[in-house]
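See structure below.
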There are 2 protein chains.
Amino acid sequence: MDIISIIVVLSGLVALLYAGYLVYKIRKQSSGTPKMQEISGAIREGAMAFLRSENKILVVFVIGVSVLLLASSFVSGSNMHWGTALSFIVGAILSILSGNIGMRIATLANAKTAEGSKESINKGLSVAFSSGAVMGITVVGLGVIGVWGMYTLFTSILPAPYTCTSEQTANILFGFAFGASSVALFARVGGGIYTKSADVGADLVGKVEENIPEDDPRNPAVIADLVGDNVGDVAGMGADLYESYVEAIIAPMALAAIAGGAALSTYGPNGILLSLIIAALGIFASIIGMFFVRTGKKSNVYSAMRNGLFASTILVAVLGGIATWYFLDGKLEPYYAMLAGLIAGIIIGLNTEYFASEKQKPVKQIAEASKTGPATVIIQGLVTGMMSTIIPVLSVVGAMVIAYYFAGFYGVAISAVGMLSILAYSLATDCYGPVADNAAGIAEMSGLGQDVRERAETLDAVGNTTAAMGKGFAIGSAAITALALIATFIVSLNLYYSPDEILQILSIGNPYLVSGLFIGAMLPFVFVALTMGAVGRAAYSMVEEVRYQFKEFKLLSDPKAKPDYKRCVSISTKRALREMIIPGILAVITPVLIGVIFSLIGRNDPNPVGIGAGPASIGGLLIGSISSGFLLAIFLANAGGAWDNAKKYIEAGNLGGKGSPAHKAAVIGDTVGDPCKDTSGPSLNILIKLMSVVSLVFLPIIIALS
Amino acid sequence: MDIISIIVVLSGLVALLYAGYLVYKIRKQSSGTPKMQEISGAIREGAMAFLRSENKILVVFVIGVSVLLLASSFVSGSNMHWGTALSFIVGAILSILSGNIGMRIATLANAKTAEGSKESINKGLSVAFSSGAVMGITVVGLGVIGVWGMYTLFTSILPAPYTCTSEQTANILFGFAFGASSVALFARVGGGIYTKSADVGADLVGKVEENIPEDDPRNPAVIADLVGDNVGDVAGMGADLYESYVEAIIAPMALAAIAGGAALSTYGPNGILLSLIIAALGIFASIIGMFFVRTGKKSNVYSAMRNGLFASTILVAVLGGIATWYFLDGKLEPYYAMLAGLIAGIIIGLNTEYFASEKQKPVKQIAEASKTGPATVIIQGLVTGMMSTIIPVLSVVGAMVIAYYFAGFYGVAISAVGMLSILAYSLATDCYGPVADNAAGIAEMSGLGQDVRERAETLDAVGNTTAAMGKGFAIGSAAITALALIATFIVSLNLYYSPDEILQILSIGNPYLVSGLFIGAMLPFVFVALTMGAVGRAAYSMVEEVRYQFKEFKLLSDPKAKPDYKRCVSISTKRALREMIIPGILAVITPVLIGVIFSLIGRNDPNPVGIGAGPASIGGLLIGSISSGFLLAIFLANAGGAWDNAKKYIEAGNLGGKGSPAHKAAVIGDTVGDPCKDTSGPSLNILIKLMSVVSLVFLPIIIALS
């Protein structure tokens with residue numbers, strides 16, 4: 001093995017071994033009282049049941065798509081290879097695997113975190129963060145090994161008749177990304193619908209109608225709600241970022257490998273592998289950064305996390321520079337692109353934190369607005385969410401311009417891998433959130449002492465902030481990854497059209513491109529409407545079930561009565577999976593459908609733009625959906641986060657505190673914000689990436705057909 | 001004079017004469033009791049006071065910009081002419097004039113409509129619709145005469161040393177559009193903030209806090225509220241559509257006139273004047289359509305209006321075909337483009353009607369959602385608004401593809417003039433709405449009999465529907481007009497760059513274009529945040545004033561107490577004008593600023609995309625802002641309209657009727673929707689057109705500087 005392969009494989013192995021070590025350490029911790037173990041067990045059972053049901057649908061989907069991919073590879077004139085189908089399956093399986101591992105450990109660690117909080121806040125933090133770290137490093141470990149494995153298999157390992165052209169290699173890598181993307185689609189959309197239908201259902205009847213506290217064990221939807229945190233924020237977030245991660249690695253590889261990309265001639269064969277090297281170094285940097293997560297005497301959990309983040313960032317920045325210099329013979333241009341992406345990611349995270357933090361002006365303004373009722377809360381939240389789009393857009397634009405300036409399309413793709421290089425660390429802080437949230441819930445439900453619950457809630461509060469930052473980062477990385485994929489799409493056109501034709505195809509003076517752009521800009525709006533409507537319908541079923549149980553089982557009047565948690569869990573599962581079908585199909589089919597329809601129209605168009613009308617419409621579709629999807633996603637995530645924290649700000653005793661009219665108004669804002677920030681917003685990440693990947697995978701066949 | 005000029009001038013004169021005749025007829029009607037005259041007088045006084053204050057700011061703005069334009073015409077290498085400055089001033093003055101006339105007649109006709117309703121519903125309808133018709137035909141009459149006048153002045157009338165090149169002629173026409181655009185900016189944004197701050201202020205204290213009915217004369221903000229309807233929906237809407245109208249006429253003229261547009265060689269010099277001919281024929285068609293607005297025995301006001309719309313549409317479709325065939329020597333391609341635009345406009349209007357109608361599913365679903373509280377009302381409204389974007393986007397895309405297929409960029413521009421050809425009629429139905437609304441208010445305030453009030457309210461209810469359709473039409477026409485302007489922008493680049501360079505500049509593979517596209521897609525979000533925030537701040541001042549007056553003047557306890565209406569009117573005026581400054585500046589300056597900044601960056605870029613980085617970023621900015629602005633505008637307008645009508649549906653006695661918990665929830669939805677549909681949404685129409693016009697006007701100077 002060459003030195004690059006050694007670094008990459010080593011990073012993957014170190015990641016998986018370290019994850020194993022952390023699991024061993026977490027397992028050794030006590031899970032607390034039998035009551036705590038029982039609750040934790042119920043959550044785990046519910047979460048795994050959801051994953052199993054989801055995976056059943058996924059298996060059907062994966063088999064169907066694999067057959068389609070395999071069939072496409074036999075269409076004459078298409079550049080597709082049977083390896084794409086294989087790679088698709090592997091990509092999907094690895095994503096399912098990492099989601100499974102992450103979910104198991106998260107639902108194992110929640111009770112242990114609550115138990116650890118009995119001892120000290122540092123102990124609780126250590127358990128919760130370790131479980132997040134397991135998820136983070138599993139995702140990246142499986143990611144780099146998977147991409148490296150597929151690439152190596154088809155370029156070096158397989159004997160002569162099975163090897164393939166560089167164009168086919170690129171398509172095989174896109175297949176891997178498509179596999180990851182498909183799992184992410186179901187995990188994010190299904191998980192998002194699950195978590196909010198359970199949450200809204202539990203709150204609307206429990207908190208609003210019956211006036212019992214959050215996480216009250218008498219509420220039949222309380223377990224479904226806790227399961228939802230894992231399903232949405234662990235499995236969903238993990239699959240989303242796994243997708244971004246592998247796509248960010250794959251885009252520069254494909255760009256450099258296929259003909260027409262200038263990167264190969266400029267940077268040599270190592271240019272193909274640069275993104276893998278950066279990813280590998282990012283794993284080491286992240287693991288080292290994790291050691292910084294310790295609270296000092298003042299128990300400031302948040303600054304502990306921030307220290308780790310900055311440590312990882314600085315480390316990967318240094319290592320990346322050295323590696324680029326070494327492997328690209330002193331050519332540092334791609335390194336500048338990587339740095340631009342890395343810094344843009346940090347800025348976007350900090351922007352989200354500003355707009356969603358209880359300590360800053362935006363959230364306080366929403367809280368102020370609650371004095372004049374729910375309508376002004378909603379309006380102020382919309383204003384906040386929309387204003388919060390400025391910095392992220394300028395960050396992505398800045399990173400893109402800098403990256404392109406130094407290294408063209410290849411640079412744009414490398415900037416995405418720069419942003420995602422310390423994903424292991426970011427994801428650890430993200431997944432820490434739901435574990436801490438569950439721990440606080442378990443502490444409440446099993447009646448632990450006041451001081452323990454307070455510690456667990458401190459951990460939970462920090463988790464909310466890191467989760468908000470994580471959402472911002474996920475959106476930003478989705479946008480830059482999608483841009484990297486578009487760059488790859490553009491370069492891919494070189495295989496089929498002359499440079500002059502490509503310019504004509506990609507021009508905003510081309511009506512087919514503009515048509516695609518308008519339709520693309522519209523899709524995120526439709527996608528949000530579908531997912532938000534789905535939450536409403538699923539929550540409605542849950543509300544009916546909870547009301548029924550309260551009444552029939554006399555849960556509030558009879559102290560011996562026990563709610564049937566399982567029925568609520570089962571309702572969430574079924575409804576979430578049913579509701580995700582239509583938006584899922586929309587995301588996968590649209591690019592292909594648009595491409596084929598406009599190809600057919602273009603065939604009959606005597607104008608010069610008739611040539612390549614299909615790819616033109618797809619190009620427009622992608623850039624249109626990214627621009628509007630990115631903006632809507634930030635808007636929804638930050639408005640939702642700000643409403644949430646405005647409510648918490650009032651609950652902390654400001655403006656009349658809990659139960660005041662201001663609080664009631666703020667609760668309405670929070671309820672509106674819930675599907676925004678946890679279902680529809682995050683689902684857009686998948687939409688914009690998935691459509692790009694689908695376009696890349698099926699481009700050869702669309703062109704062959706048109 | 002040639003035959004084309006005769007048709008155009010004749011149409012303008014007929015329009016103005018007919019408007020004069022209608023004014024004469026309206027003036028003859030009785031204004032009712034002294035009380036009614038007093039209220040109507042107060043509304044007129046308030047409305048004119050606002051216009052005067054607004055015009056003071058406009059004068060400063062117009063003088064400033066004229067100086068800038070004049071100075072730019074002296075920069076060597078720029079294609080600008082001193083005529084642009086003159087044309088800018090004329091365009092602005094004509095827009096101010098038509099707004100002024102429309103406002104005078106609307107505030108004169110409100111009491112006369114109420115008085116007419118004493119006699120019969122047909123009489124009330126006739127007065128209200130006639131006043132709307134005055135506005136409609138004044139706008140189009142001044143529009144065609146203004147554009148024809150400036151064009152003729154600089155191409156035929158002025159002697160040799162003052163004539164100009166065809167490029168300069170185009171720039172002079174852009175100047176005219178810029179003048180119209182500037183007035184529209186202030187009228188729409190300022191008017192939108194005015195109307196909603198007064199409305200929300202009056203409702204929050206009157207209806208919600210003090211529980212007195214709408215339009216109760218004891219409410220000190222009630223006159224400001226009625227003034228607001230005129231300021232926003234008459235003056236604002238009129239200026240908005242005046243802008244769309246002249247821009248739709250100008251775009252194909254400029255396209256055909258300047259070198260590089262293929263239209264001149266294909267269609268001959270009459271191709272330059274085709275849009276003026278279509279507009280002139282549309283005026284005749286609209287006036288004839290107006291005669292169809294009579295209610296039969298069943299008093300169905302709405303179908304009366306619809307009949308007139310279809311009559312005008314069919315008439316202009318026929319006349320347009322004949323004229324195109326005659327003047328373009330049998331070449332009918334542009335006619336198909338015109339038809340595509342005309343039909344798309346009708347579809348968009350009907351789509352809006354569907355989503356905002358109390359009789360259809362979307363509004364009923366929102367009303368249903370009100371049973372589970374305000375949060376679900378808000379969510380369901382968001383879902384509805386987002387789903388309502390599908391048809392308008394597909395309509396515009398369809399019109400564009402068809403128009404381009406038959407006649408290239410020229411066809412796209414002609415499709416815009418097709419959509420706007422019957423503007424006189426559409427605007428008459430739009431402006432009818434606020435007059436009927438005012439009439440109902442006056443009937444309520446002056447204590448007219450129950451039957452009269454019911455008739456007035458029937459007229460008002462229809463006005464709400466036509467206003468909603470009008471909003472949809474305004475948005476659709478703004479989008480297609482902006483597309484026409486972009487087409488013109490693209491063709492204009494031929495003056496400065498080679499065809500190959502232009503393709504490079506306009507490619508979505510150009511990072512500067514993509515940067516502009518992202519920033520452009522972001523601006524509508526920021527613009528909405530600014531205008532929505534402005535309404536909140538202005539409404540807050542109004543709430544404080546109304547509360548103060550209720551308390552100090554003992555308005556509700558002392559029957560002799562009189563509210564000080566003028567103070568509320570003055571507050572709305574001052575706040576609206578102050579709050580419109582920042583969004584206004586943003587809209588005007590951004591394209592120039594972006595163009596200059598990216599020009600400077602591009603200068604230092606060694607990549608091929610460095611050439612024309614400024615125009616590339618502007619091109620991206622325009623297409624990005626149109627795509628996201630169009631979608632946001634539809635979303636906001638339809639969500640707002642649907643919330644409004646869901647409330648009215650409940651008030652009609654459904655789901656518990658007035659005062660029920662469902663009604664309270666629906667009122668919150670309506671309050672959120674108010675700034676969406678009446679301020680932020682409509683303001684986006686201006687943003688997307690204005691940025692295109694600014695880009696066209698200043699393109700020569702940006703290129704000269706870069």
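Here, A, B, ... name the chains of the structure tokens in the order displayed, residue numbers run from 1 inside each chain, and ligands are numbered from 1 in the same displayed order.
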- Task: Name the residues of range 159-403 of chain A that come out as helix (DSSP H, G or I) in a backbone DSSP run; write them as a count of residues only.
- Result: 200
- Task: Show me which bits of chain B are within 6 Å of chain A, counting only C-alpha atoms, as JSON, numbers by chain.
- Result: {"B": [375, 383, 386, 387, 397, 503, 506, 507, 508, 515, 518, 525, 526, 529, 627, 668, 672]}
Export of the given selection (N, CA, C and O atoms) as a PDB file, in the first residue's frame:
ATOM      1  N   ALA B 375     -51.480  27.849  16.888  1.00  0.00           N
ATOM      2  CA  ALA B 375     -50.264  27.284  16.306  1.00  0.00           C
ATOM      3  C   ALA B 375     -50.592  26.487  15.050  1.00  0.00           C
ATOM      4  O   ALA B 375     -49.936  26.630  14.011  1.00  0.00           O
ATOM      5  N   VAL B 383     -48.391  26.085   5.164  1.00  0.00           N
ATOM      6  CA  VAL B 383     -48.489  24.976   4.212  1.00  0.00           C
ATOM      7  C   VAL B 383     -49.262  25.412   2.961  1.00  0.00           C
ATOM      8  O   VAL B 383     -48.831  25.193   1.822  1.00  0.00           O
ATOM      9  N   MET B 386     -47.340  27.870   0.742  1.00  0.00           N
ATOM     10  CA  MET B 386     -46.239  27.245   0.008  1.00  0.00           C
ATOM     11  C   MET B 386     -46.750  26.366  -1.128  1.00  0.00           C
ATOM     12  O   MET B 386     -46.171  26.350  -2.214  1.00  0.00           O
ATOM     13  N   MET B 387     -47.841  25.661  -0.869  1.00  0.00           N
ATOM     14  CA  MET B 387     -48.395  24.823  -1.940  1.00  0.00           C
ATOM     15  C   MET B 387     -48.919  25.673  -3.094  1.00  0.00           C
ATOM     16  O   MET B 387     -48.939  25.227  -4.242  1.00  0.00           O
ATOM     17  N   VAL B 397     -43.251  29.608 -16.202  1.00  0.00           N
ATOM     18  CA  VAL B 397     -42.303  28.790 -16.952  1.00  0.00           C
ATOM     19  C   VAL B 397     -42.886  28.413 -18.320  1.00  0.00           C
ATOM     20  O   VAL B 397     -42.216  28.525 -19.358  1.00  0.00           O
ATOM     21  N   LEU B 503     -21.495  34.243 -23.145  1.00  0.00           N
ATOM     22  CA  LEU B 503     -21.858  32.908 -22.662  1.00  0.00           C
ATOM     23  C   LEU B 503     -21.085  32.577 -21.392  1.00  0.00           C
ATOM     24  O   LEU B 503     -21.629  32.001 -20.450  1.00  0.00           O
ATOM     25  N   LEU B 506     -22.575  34.571 -18.458  1.00  0.00           N
ATOM     26  CA  LEU B 506     -23.913  34.177 -18.000  1.00  0.00           C
ATOM     27  C   LEU B 506     -24.003  32.729 -17.548  1.00  0.00           C
ATOM     28  O   LEU B 506     -25.087  32.245 -17.213  1.00  0.00           O
ATOM     29  N   SER B 507     -22.880  32.028 -17.498  1.00  0.00           N
ATOM     30  CA  SER B 507     -22.921  30.605 -17.166  1.00  0.00           C
ATOM     31  C   SER B 507     -23.107  30.377 -15.672  1.00  0.00           C
ATOM     32  O   SER B 507     -22.522  31.098 -14.847  1.00  0.00           O
ATOM     33  N   ILE B 508     -23.882  29.369 -15.329  1.00  0.00           N
ATOM     34  CA  ILE B 508     -23.978  29.015 -13.909  1.00  0.00           C
ATOM     35  C   ILE B 508     -22.706  28.293 -13.462  1.00  0.00           C
ATOM     36  O   ILE B 508     -22.580  27.915 -12.300  1.00  0.00           O
ATOM     37  N   SER B 515     -22.443  33.645  -7.212  1.00  0.00           N
ATOM     38  CA  SER B 515     -22.433  34.509  -6.021  1.00  0.00           C
ATOM     39  C   SER B 515     -23.588  35.489  -6.073  1.00  0.00           C
ATOM     40  O   SER B 515     -24.321  35.674  -5.088  1.00  0.00           O
ATOM     41  N   PHE B 518     -26.904  33.720  -5.360  1.00  0.00           N
ATOM     42  CA  PHE B 518     -27.169  33.454  -3.940  1.00  0.00           C
ATOM     43  C   PHE B 518     -27.557  34.742  -3.217  1.00  0.00           C
ATOM     44  O   PHE B 518     -28.499  34.759  -2.423  1.00  0.00           O
ATOM     45  N   PHE B 525     -35.655  37.741   1.147  1.00  0.00           N
ATOM     46  CA  PHE B 525     -35.829  37.372   2.553  1.00  0.00           C
ATOM     47  C   PHE B 525     -35.526  38.577   3.454  1.00  0.00           C
ATOM     48  O   PHE B 525     -36.257  38.876   4.395  1.00  0.00           O
ATOM     49  N   VAL B 526     -34.426  39.250   3.145  1.00  0.00           N
ATOM     50  CA  VAL B 526     -34.038  40.409   3.962  1.00  0.00           C
ATOM     51  C   VAL B 526     -35.083  41.521   3.813  1.00  0.00           C
ATOM     52  O   VAL B 526     -35.466  42.176   4.784  1.00  0.00           O
ATOM     53  N   ALA B 529     -38.041  40.720   5.836  1.00  0.00           N
ATOM     54  CA  ALA B 529     -37.749  40.935   7.258  1.00  0.00           C
ATOM     55  C   ALA B 529     -37.801  42.420   7.591  1.00  0.00           C
ATOM     56  O   ALA B 529     -38.367  42.829   8.609  1.00  0.00           O
ATOM     57  N   SER B 627     -36.340  34.608  -8.836  1.00  0.00           N
ATOM     58  CA  SER B 627     -36.841  33.279  -8.492  1.00  0.00           C
ATOM     59  C   SER B 627     -37.294  33.240  -7.040  1.00  0.00           C
ATOM     60  O   SER B 627     -38.406  32.801  -6.738  1.00  0.00           O
ATOM     61  N   ILE B 668     -55.712  35.409  15.149  1.00  0.00           N
ATOM     62  CA  ILE B 668     -54.245  35.466  15.253  1.00  0.00           C
ATOM     63  C   ILE B 668     -53.610  35.170  13.895  1.00  0.00           C
ATOM     64  O   ILE B 668     -52.672  35.849  13.474  1.00  0.00           O
ATOM     65  N   VAL B 672     -51.206  37.750  11.677  1.00  0.00           N
ATOM     66  CA  VAL B 672     -49.899  37.404  11.104  1.00  0.00           C
ATOM     67  C   VAL B 672     -49.917  37.634   9.589  1.00  0.00           C
ATOM     68  O   VAL B 672     -48.954  38.126   8.997  1.00  0.00           O
TER      69      VAL B 672
END
- Message: Give me, as a list in words, all polymer residues having an atom no more than 10 Å from Val462 in chain B, counting only C-alpha atoms and skipping those fewer than 5 positions away in the same chain.
- Response: Asn300, Val301, Tyr302, Ser303, Met305, Thr429, Tyr432, Gly433, Ala436, Asp437, Glu457, Ala467 and Ala468 of chain B
- For CA of Arg27 in chain B and CA of Ala15 in chain B, the interatomic separation in Å (one decimal):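 Result for CA of Arg27 in chain B versus CA of Ala15 in chain B: 18.2 Å, one decimal.
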- Residue neighbourhood Leu69 in chain A, 12 Å, only C-alpha atoms, exclusion window fewer than 2 positions, as an MDAnalysis selection string: chainID A and resid 62:67 71:75 78:89 171:172 174:176 178:179 694 697:701
Please produce a file of the residues just selected, as a PDB file, in the first residue's frame, where the atoms kept are C-alpha atoms.
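Okay, result_38.pdb is ready:
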ATOM      1  CA  VAL A  62     -32.486  -0.059  -2.301  1.00  0.00           C
ATOM      2  CA  ILE A  63     -33.233  -3.239  -4.202  1.00  0.00           C
ATOM      3  CA  GLY A  64     -35.484  -1.399  -6.626  1.00  0.00           C
ATOM      4  CA  VAL A  65     -32.967   1.325  -7.319  1.00  0.00           C
ATOM      5  CA  SER A  66     -30.109  -1.178  -7.630  1.00  0.00           C
ATOM      6  CA  VAL A  67     -31.987  -3.040 -10.312  1.00  0.00           C
ATOM      7  CA  ALA A  71     -30.280  -2.054 -16.006  1.00  0.00           C
ATOM      8  CA  SER A  72     -29.001   1.421 -16.872  1.00  0.00           C
ATOM      9  CA  SER A  73     -25.463   0.105 -17.092  1.00  0.00           C
ATOM     10  CA  PHE A  74     -26.539  -2.098 -19.977  1.00  0.00           C
ATOM     11  CA  VAL A  75     -28.073   0.743 -22.017  1.00  0.00           C
ATOM     12  CA  SER A  78     -24.493   5.219 -21.291  1.00  0.00           C
ATOM     13  CA  ASN A  79     -21.345   5.673 -19.265  1.00  0.00           C
ATOM     14  CA  MET A  80     -22.651   3.610 -16.404  1.00  0.00           C
ATOM     15  CA  HIS A  81     -21.014   0.512 -14.943  1.00  0.00           C
ATOM     16  CA  TRP A  82     -22.455  -2.308 -12.887  1.00  0.00           C
ATOM     17  CA  GLY A  83     -20.195  -1.082 -10.117  1.00  0.00           C
ATOM     18  CA  THR A  84     -22.549   1.852  -9.579  1.00  0.00           C
ATOM     19  CA  ALA A  85     -25.259  -0.510  -8.399  1.00  0.00           C
ATOM     20  CA  LEU A  86     -22.855  -2.293  -6.056  1.00  0.00           C
ATOM     21  CA  SER A  87     -21.481   0.954  -4.750  1.00  0.00           C
ATOM     22  CA  PHE A  88     -24.997   2.239  -4.169  1.00  0.00           C
ATOM     23  CA  ILE A  89     -25.756  -0.788  -2.005  1.00  0.00           C
ATOM     24  CA  ASN A 171     -20.208   7.253 -11.650  1.00  0.00           C
ATOM     25  CA  ILE A 172     -19.457   4.442  -9.221  1.00  0.00           C
ATOM     26  CA  PHE A 174     -21.762   8.887  -7.280  1.00  0.00           C
ATOM     27  CA  GLY A 175     -23.546   5.600  -6.712  1.00  0.00           C
ATOM     28  CA  PHE A 176     -21.971   5.382  -3.256  1.00  0.00           C
ATOM     29  CA  PHE A 178     -26.614   8.074  -3.805  1.00  0.00           C
ATOM     30  CA  GLY A 179     -26.772   5.148  -1.380  1.00  0.00           C
ATOM     31  CA  VAL A 694     -29.537  11.775  -8.546  1.00  0.00           C
ATOM     32  CA  VAL A 697     -25.901   9.299 -11.278  1.00  0.00           C
ATOM     33  CA  PHE A 698     -28.545   9.388 -13.995  1.00  0.00           C
ATOM     34  CA  LEU A 699     -26.967  12.008 -16.259  1.00  0.00           C
ATOM     35  CA  PRO A 700     -25.466   9.375 -18.602  1.00  0.00           C
ATOM     36  CA  ILE A 701     -28.769   7.654 -19.068  1.00  0.00           C
TER      37      ILE A 701
END
- Using only C-alpha atoms, find the one residue out of A:Ala456, A:Val60, A:Ile322, A:Ala133 that sits nearest to Leu274 in chain A.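 Closest residue, counting only C-alpha atoms: A:Ile322.
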- Task: Determine the nearest neighbour of Ala279 in chain A from the options A:Asn351, A:Ser11, A:Thr481, A:Asn110, counting only C-alpha atoms.
- Result: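 When distances to Ala279 in chain A are compared using only C-alpha atoms, the smallest one comes from A:Ser11.
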- Tell me which protein, DNA and RNA residues are within 10 Å of Gly46 in chain A, counting only C-alpha atoms, leaving out same-chain ones fewer than 2 positions away, and put them as a list in words. Ser40, Gly41, Ala42, Ile43, Arg44, Met48, Ala49, Phe50, Leu51, Arg52, Thr107, Ile223, Ala224, Leu226, Val227, Gly228, Asn230, Val231, Tyr565, Lys566, Cys568, Val569, Ser570, Ser572 and Thr573 of chain A
- Message: List the spatial neighbours of range 330-339 of chain A as a list in words - criterion: any atom at most 6 Å away, only C-alpha atoms, same-chain residues fewer than 3 positions off excluded.
- Response: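 Residues meeting the cut-off are Gly321, Trp325, Leu342, Ala403, Phe406, Ala407, Gly411, Ile414, Ser415 and Gly418 of chain A.
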- Could you pull the residues within 12 Å of Ile26 in chain B, counting only C-alpha atoms, minus those fewer than 4 positions along the same chain, as a PyMOL selection string? chain B and resi 19-22+30-31+104-113+115-116+123-134
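The nearest approach to Met691 in chain B among the residues B:Leu459, B:Ala177, B:Ala534, B:Ile347, with only C-alpha atoms taken into account, belongs to B:Ala177.
For the pair CA of Ile137 in chain A and CA of Ala184 in chain A, the interatomic distance is 17.4 Å.
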Per-residue nearest contacts range 406-522 of chain B to range 637-641 of chain B, cut-off 12 Å, using only C-alpha atoms, as JSON lines:
{"residue": "B:Asn464", "atom": "CA", "partner": "B:Gly641", "partner_atom": "CA", "distance": 8.9}
{"residue": "B:Thr465", "atom": "CA", "partner": "B:Gly641", "partner_atom": "CA", "distance": 9.0}
{"residue": "B:Thr466", "atom": "CA", "partner": "B:Gly641", "partner_atom": "CA", "distance": 11.3}
{"residue": "B:Ala467", "atom": "CA", "partner": "B:Gly641", "partner_atom": "CA", "distance": 9.5}
{"residue": "B:Ala468", "atom": "CA", "partner": "B:Gly641", "partner_atom": "CA", "distance": 6.6}
{"residue": "B:Met469", "atom": "CA", "partner": "B:Asn638", "partner_atom": "CA", "distance": 9.7}
{"residue": "B:Gly470", "atom": "CA", "partner": "B:Ala637", "partner_atom": "CA", "distance": 10.6}
{"residue": "B:Lys471", "atom": "CA", "partner": "B:Ala637", "partner_atom": "CA", "distance": 7.1}
{"residue": "B:Gly472", "atom": "CA", "partner": "B:Ala637", "partner_atom": "CA", "distance": 7.5}
{"residue": "B:Phe473", "atom": "CA", "partner": "B:Ala637", "partner_atom": "CA", "distance": 11.0}
{"residue": "B:Ala474", "atom": "CA", "partner": "B:Ala637", "partner_atom": "CA", "distance": 10.6}
{"residue": "B:Ile475", "atom": "CA", "partner": "B:Ala637", "partner_atom": "CA", "distance": 8.9}
{"residue": "B:Gly476", "atom": "CA", "partner": "B:Ala637", "partner_atom": "CA", "distance": 11.6}
Would you write out those residues with C-alpha atoms, as a PDB file, in the first residue's frame?
ATOM      1  CA  ASN B 464     -61.793  41.154  -1.098  1.00  0.00           C
ATOM      2  CA  THR B 465     -61.857  38.394  -3.688  1.00  0.00           C
ATOM      3  CA  THR B 466     -60.971  40.674  -6.588  1.00  0.00           C
ATOM      4  CA  ALA B 467     -58.228  42.246  -4.476  1.00  0.00           C
ATOM      5  CA  ALA B 468     -56.778  38.806  -3.808  1.00  0.00           C
ATOM      6  CA  MET B 469     -56.891  37.951  -7.513  1.00  0.00           C
ATOM      7  CA  GLY B 470     -55.378  41.333  -8.256  1.00  0.00           C
ATOM      8  CA  LYS B 471     -52.508  40.582  -5.918  1.00  0.00           C
ATOM      9  CA  GLY B 472     -51.815  37.314  -7.677  1.00  0.00           C
ATOM     10  CA  PHE B 473     -51.938  39.051 -11.014  1.00  0.00           C
ATOM     11  CA  ALA B 474     -49.627  41.825  -9.769  1.00  0.00           C
ATOM     12  CA  ILE B 475     -47.076  39.258  -8.620  1.00  0.00           C
ATOM     13  CA  GLY B 476     -47.268  37.225 -11.815  1.00  0.00           C
TER      14      GLY B 476
END
- Query: From the set A:Ser265, A:Ser421, A:Ser5, A:Asn55, which residue has the shortest atom-to-atom contact distance to Trp148 in chain A, counting only C-alpha atoms?
  - Reply: A:Ser5
- Point-to-point distance from CA of Glu544 in chain B to CA of Val205 in chain B, Å rounded to tenths: 8.9 Å
